[in-house]
Structures are given as structure tokens and as C-alpha cells.
Amino acid sequence: MTIDPAAEVARLEAERALLPKEERQRLEAGDAPLLRIQLLYMLERARKAERAVGLLADSHRRAKQAEAAIDRVRALHQPVQHMGQTWCDGCSVRRSTGPKTCEWVAFIPHPCPTLQAVEETQ
């Protein structure tokens, strides 16, 4: 059998309302230490809940930052077509051969190891 706390409090208050003023004050004074303990317990629960909410917000912020970093890595390691094959634009190396020309000197296939590592973590 479960007890409805609100109904129990209402019942006790109704009973006490029928008592003489001095008796009611004596009972309320006797309840004070218990009420203080309950308030301290509820205050500690509230503080823990506030910390948990703060941790969740921080975790959410970090997750968003990680997603943005992964998007930046993907943007750097785009596929590029050269000599009929697909290479990683970020990993493959070009060397300048003039003011407006360059020569490829290292070819890294796309998807490169960097993108493969990022995709494995997803």
C-alpha cells in the first residue's frame, strides 16, 4: 500500500486545525528539527540536480565542438580527380613549379587514413 504524501499532510493539518492553539504550536515546534533535516536533504538534492544539468550542458557543448571539428577535417580531405583516379586533396602533396602551376609529388588515395579514422569513430 502506498501513501500519498500530499493527502497525508492535508489529513494531519486538518487534525491539528481542530486542536487548541497551544497544543498545535507545541506539535509544530516538535516538527521543526525534522523539517530542517528534510529541507537540508532537499537542498542537497537540488544542488546535485543543478550540477548534473551543468554537466549535461557541458557535455552537449563538447559534442557540438567535436562534430564541428570532424566537419572541418572532412572539408580538408575532399576527393580530387587526377590522372583518372581519386586522391585525397588534403593529404596528397603538390610542389609549386611556377607562379601559377604545380606538380603532384605524392598521391594519397581517397578516402585517406584520416577520413577512415574519423568514420570509424562515428
# chains A, B, ... in the order shown; residues from 1 in each chain; ligands from 1

$ residues_around --residues "range 67-82 of chain A" --least-positions-apart "5" --cutoff "12 Å" --atoms "only C-alpha atoms" --output "number ranges by chain"
A: 60-62, 87-92, 94, 103-104, 106-122

$ select_by_dssp --residues "range 32-89 of chain A" --states "strand (DSSP E)" --output "list in words"
Pro79, Val80, Gln81, His82, Gln85, Thr86, Trp87 and Cys88 of chain A

$ select_by_dssp --residues "chain A" --states "helix (DSSP H, G or I)" --output "NGL selection string"
:A and (5-17 or 21-76 or 113-121)
